[in-house]
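**Q** Just passing along the structure, written as structure tokens.
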Amino acid sequence: MSSSSSFRARLESLPLRYSAPAGGYAPMPSPDDAPGIGDRGEEAGPRIKVGPDGYGVVVTTGGALSGPSAATPSAESPAVPSTDPPATEPVADSAAASASTPEVPAPEIPAAPIYGVVQTPAPAGYGVVQPRPKSPEPTSPQSPDALDSPIFGAVSSAAPAASGASASSPVEPAAPRSAASPPLVDAEAPAAPAASTSDAAPAASTSDAAAAGAPSEPSVPPVDGGSSAPAGPAPQESNRLKSSASAEPAPQESVLPQPDQPEAQQPPAPTAIAWESVASAASHAAAIPLSQQQAAQEETEDEETPAGAAELLPPPEEPEPEADEQVLPDGVPEDGVYVDVDVAIVMESTYPYLKGGVSAVVHDIITGNPDLTFGIIHITWDSHSPLKDLYGMPDNVAWVKVLYLSMEEHQEDFLRARPRDLRMNRRQRRELSRRILGALLALAQDGQTEPLWDLISEGLSASRRYPVWAILGTREFMEAYHDMMPDLGMSMTDIFWCLRDFFSLAYAVLAEPVPRAQVYHAHTTGYAMLLGVNAAREHGTKVLLTEHNLYVRDTVNTLLERRLDLNVRLTDYRTFDVTGRERMWMAWWLEMGRLCYPYAYASTYLYPRAITEANELGGDSGRAIVIPNGIVTSEFDASYAARLAAIEEIKKEGADKHLWKLVYIARVVPIKGLLDMIDSVRLMVDRGLNIHLDVCGPTEHMPSYFEQCLTRIVEQGLESVITVRGTVKVRELLPEFDLFVLPSYNEGLPVVSLETMGAGIPTVSTDVGAVRSVVEDMIVTDDGQTWDPCGIIIEPGDPTVMADKVQEVISDVDLYERLSLNARGRVEAAYDLVKVNASYNKIYRQGGAGEQTGARADQGGA
């Protein structure tokens, strides 16, 4: 092995050839694919995981988090205000801890600390999993005081020194409360026992006063057989932070317990926080780039806060951009008018702003159906996401509507909701709470969907009568949750954060009016299908589902950091050995799928096996149709002719003397298995095979993995055997390649497989998604002609088997020729794009598309 300097020189001298992005052949970007996949042999040590658009950098060492967290800022990092509700067992904040214990230098780490919520995107950019930072489960029963915590409160406070408050402290420090101390209550309302079952309270809260002034008929019909859940004083709306002698002690900063943080001997008492406190710094931090977070910290790190001082944080104020800086995303109507369309395509983070396999398929569907009008509903994380048309949308696309999932984009409406906005008294809030939980249980236990959809229509949709999410932090909801779902094994703090994230994401998708379409075509389950079903219910139209891959399966596997080819069933969240938080997120994704599946008038899948897998997740096989992806085979005639000529040359040259050009065409990310392929190449070279591998596809989506692949190439001494081309125009290069290799752990029906087949290139691929049906399963045409395999399918994750099968193909020219002829024949017989588009046109018209177009034509003719 050479010295480190020469090693680096060899690394940097690898042949890299880049060109402008083109084609969209590789699947779409996903910056943080499932960790642990394809990284065999990775040395333990610091590791970088990057969330969407670079948000939420995580530094891990040996698989565990290292470095300061948002809740425990280091001495070198300014504190970020916490937005957690009072924890079950309050912990003294970092300022108090530093005053009573000697400072310990923070460990050196090679990246910035975590701030707020780390976004974990699902495969192919679908969906955003938003788990909260983990905290240890409580060791004592939940304090009833947590029921008075605000929905979205944030308190910034600097705790007093251990020796007492300084002379300049404007607020007296909170005294520790003994186990026998009564719970703290509002200074403006007498205390009521938490276990009381009486509806009469000594004093009415502000929210009750607001409810009392409401019309006699409640906004929500009472539930039959009202709950007998105990009532308690609702949180007050008035500001409690008064510096008078009779005021309560100053509230301490709310901090979630951390695994490495010692428990305080005498924790301060949690104090109720005013409902006007609505900022959520953790969610805010998760939605902005890390560089901006650090810049904001640098501006405030020199500011000093008096000991014991506390203030309520308003929502962060952002400077209004100049008028000329407000640029609408491509395709969004400047006048804000969205005309009715035949079909509204609903997608997550794909067409038309990102290149990828799914985006390419959608573009083909739209261009292949010029007799229909289309709209695009593009769901993405925030306004910093790509918003430039990369495809040149055709004229039959009337508009694009962009919706953002990040709470940062809709905090004005969502975070300002208060219980009084419900205009309900305590009894009505109890009834609503039990109705919500009852609807969730009905879905999970009996598969009943209508109770929950009724609540969505009443409290979350654009036509809502009340903001249902305002119920979340009320005493009535928490008591009902404790009563009806007591076995979740989670603290009230964790339950609160999970539910707030769920409400926020549902609000982002459902609360904004959606333009009218005869058919809403969702290209995944999850948020796209949730929006599609709700929009169809609102407008009285229909929704169509297409599953390019099994979104729910992939999202759950990503959440649990499992291999993406592993199966998932609807009941797995009940039986998997996972944390309470992970169980709730599993239930969120799995039950969301079951909530939506029944409302599709048809569901299309890329291959037959996907129907069976979808049935295990709540799908309906009776409405399932197989429509594969397709290509225009005539576009590959020249490449196919070149392949036939190359086969004749190989016959003359001899298989053992021919330099076999293998090609990998995919993103350089873990789920595509490039590290496995590099190891396979090393094995083939050791066997004396005359091969060369070209790596074609984006390399920038996960730089740490790309660097790992380059390092592996140098370590294996394969610099002359492997060429990393980066993003290239693959179609132009197809005549150069002899064999397509796909070591992937996750696919739908990769268009690149069809394109290489159209060029007559055989395949050796892992058994993922539709690849087996495309490459190996027998095809019988309408006229009775049969087509045999055009390649060999293997199990993922085995470099030796990959090397064996590649050697089998390239060592036998006759076998290679048969596979080449079958490749072209199979794609012509079963994957013709004209037939695919005709199938979609027929399904669209079954759902009512084209009726408006026909009516307009009739009116024009009159």
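Labels for the structure tokens follow display order: chains A, B, ..., residues from 1 in each chain, ligands from 1.
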Give me the residues within 8 Å of segment 656-661 of chain A as a VMD selection string, counting only C-alpha atoms and dropping any in the same chain fewer than 3 places off.
**A** chain A and resid 650 653 689 to 694 736 to 739 810 to 811
**Q** Taking N, CA, C and O atoms for each residue, export the selection above as a PDB file, in the first residue's frame.
**A**
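Wrote out-v5.pdb, looks like this:
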```
ATOM      1  N   ILE A 650     -17.505 -10.163 -31.997  1.00  0.00           N
ATOM      2  CA  ILE A 650     -17.109 -10.974 -30.836  1.00  0.00           C
ATOM      3  C   ILE A 650     -16.915 -12.423 -31.254  1.00  0.00           C
ATOM      4  O   ILE A 650     -15.985 -13.112 -30.793  1.00  0.00           O
ATOM      5  N   GLU A 653     -13.604 -12.579 -32.914  1.00  0.00           N
ATOM      6  CA  GLU A 653     -12.504 -12.286 -31.999  1.00  0.00           C
ATOM      7  C   GLU A 653     -12.319 -13.363 -30.956  1.00  0.00           C
ATOM      8  O   GLU A 653     -11.191 -13.667 -30.534  1.00  0.00           O
ATOM      9  N   LEU A 689     -10.690 -12.418 -16.073  1.00  0.00           N
ATOM     10  CA  LEU A 689     -11.661 -11.993 -17.070  1.00  0.00           C
ATOM     11  C   LEU A 689     -11.271 -10.629 -17.634  1.00  0.00           C
ATOM     12  O   LEU A 689     -10.810  -9.738 -16.895  1.00  0.00           O
ATOM     13  N   ASN A 690     -11.469 -10.469 -18.927  1.00  0.00           N
ATOM     14  CA  ASN A 690     -11.077  -9.250 -19.617  1.00  0.00           C
ATOM     15  C   ASN A 690     -12.291  -8.306 -19.641  1.00  0.00           C
ATOM     16  O   ASN A 690     -13.115  -8.361 -20.568  1.00  0.00           O
ATOM     17  N   ILE A 691     -12.426  -7.466 -18.614  1.00  0.00           N
ATOM     18  CA  ILE A 691     -13.621  -6.644 -18.448  1.00  0.00           C
ATOM     19  C   ILE A 691     -13.243  -5.196 -18.144  1.00  0.00           C
ATOM     20  O   ILE A 691     -12.111  -4.898 -17.742  1.00  0.00           O
ATOM     21  N   HIS A 692     -14.217  -4.320 -18.322  1.00  0.00           N
ATOM     22  CA  HIS A 692     -14.117  -2.925 -17.902  1.00  0.00           C
ATOM     23  C   HIS A 692     -15.505  -2.466 -17.498  1.00  0.00           C
ATOM     24  O   HIS A 692     -16.496  -2.810 -18.155  1.00  0.00           O
ATOM     25  N   LEU A 693     -15.601  -1.707 -16.408  1.00  0.00           N
ATOM     26  CA  LEU A 693     -16.897  -1.216 -15.902  1.00  0.00           C
ATOM     27  C   LEU A 693     -16.972   0.290 -16.043  1.00  0.00           C
ATOM     28  O   LEU A 693     -16.084   1.005 -15.575  1.00  0.00           O
ATOM     29  N   ASP A 694     -18.037   0.769 -16.684  1.00  0.00           N
ATOM     30  CA  ASP A 694     -18.342   2.200 -16.716  1.00  0.00           C
ATOM     31  C   ASP A 694     -19.460   2.485 -15.720  1.00  0.00           C
ATOM     32  O   ASP A 694     -20.489   1.789 -15.721  1.00  0.00           O
ATOM     33  N   GLU A 736     -21.669   1.373 -27.024  1.00  0.00           N
ATOM     34  CA  GLU A 736     -20.351   1.023 -26.482  1.00  0.00           C
ATOM     35  C   GLU A 736     -20.409  -0.169 -25.526  1.00  0.00           C
ATOM     36  O   GLU A 736     -19.384  -0.803 -25.274  1.00  0.00           O
ATOM     37  N   PHE A 737     -21.594  -0.454 -24.961  1.00  0.00           N
ATOM     38  CA  PHE A 737     -21.668  -1.377 -23.831  1.00  0.00           C
ATOM     39  C   PHE A 737     -22.152  -2.759 -24.265  1.00  0.00           C
ATOM     40  O   PHE A 737     -23.031  -2.896 -25.109  1.00  0.00           O
ATOM     41  N   ASP A 738     -21.593  -3.782 -23.596  1.00  0.00           N
ATOM     42  CA  ASP A 738     -21.933  -5.176 -23.898  1.00  0.00           C
ATOM     43  C   ASP A 738     -22.933  -5.768 -22.902  1.00  0.00           C
ATOM     44  O   ASP A 738     -23.728  -6.630 -23.269  1.00  0.00           O
ATOM     45  N   LEU A 739     -22.867  -5.335 -21.634  1.00  0.00           N
ATOM     46  CA  LEU A 739     -23.696  -5.970 -20.600  1.00  0.00           C
ATOM     47  C   LEU A 739     -24.103  -4.927 -19.563  1.00  0.00           C
ATOM     48  O   LEU A 739     -23.261  -4.162 -19.077  1.00  0.00           O
ATOM     49  N   ILE A 810     -20.623 -13.817 -20.321  1.00  0.00           N
ATOM     50  CA  ILE A 810     -19.588 -13.355 -21.261  1.00  0.00           C
ATOM     51  C   ILE A 810     -18.656 -14.473 -21.709  1.00  0.00           C
ATOM     52  O   ILE A 810     -17.835 -14.262 -22.619  1.00  0.00           O
ATOM     53  N   SER A 811     -18.774 -15.635 -21.108  1.00  0.00           N
ATOM     54  CA  SER A 811     -17.922 -16.760 -21.517  1.00  0.00           C
ATOM     55  C   SER A 811     -18.555 -17.593 -22.626  1.00  0.00           C
ATOM     56  O   SER A 811     -17.889 -18.477 -23.189  1.00  0.00           O
TER      57      SER A 811
END
```
**Q** Write out as a Markdown table the residues of segment 480-578 of chain A that have any atom within 6 Å of an atom of segment 600-603 of chain A, one row each with the nearest atom pair and its distance in Å to one decimal, counting only C-alpha atoms, sorted by chain and then rising number.
**A**
```
| residue | atom | partner | partner_atom | distance |
| --- | --- | --- | --- | --- |
| A:Val543 | CA | A:Ala600 | CA | 5.1 |
| A:Leu544 | CA | A:Ala600 | CA | 5.1 |
| A:Leu545 | CA | A:Ser603 | CA | 4.7 |
| A:Thr546 | CA | A:Ser603 | CA | 5.7 |
```
**Q** Could those residues be written to a file, using C-alpha atoms, as a PDB file, in the first residue's frame?
**A**
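Generated output (selection19.pdb):
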```
ATOM      1  CA  VAL A 543     -58.923   9.418  -7.716  1.00  0.00           C
ATOM      2  CA  LEU A 544     -56.577   7.003  -9.509  1.00  0.00           C
ATOM      3  CA  LEU A 545     -53.501   5.440  -7.867  1.00  0.00           C
ATOM      4  CA  THR A 546     -50.296   4.360  -9.581  1.00  0.00           C
TER       5      THR A 546
END
```
**Q** Measure the distance from atom CA of Thr604 of chain A to atom CA of Ile625 of chain A in Å and round it to one decimal.
**A**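 Going from atom CA of Thr604 of chain A over to atom CA of Ile625 of chain A, I get 4.7 Å.
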**Q** So how many Å separate atom CA of Ala444 of chain A and atom CA of Val519 of chain A, to one decimal?
**A**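 About the pair atom CA of Ala444 of chain A and atom CA of Val519 of chain A: they are 28.1 Å apart.
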**Q** In Å, how far is it from atom CA of Leu675 of chain A to atom CA of Cys709 of chain A?
**A**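 Here the two named atoms are 6.0 Å from each other.
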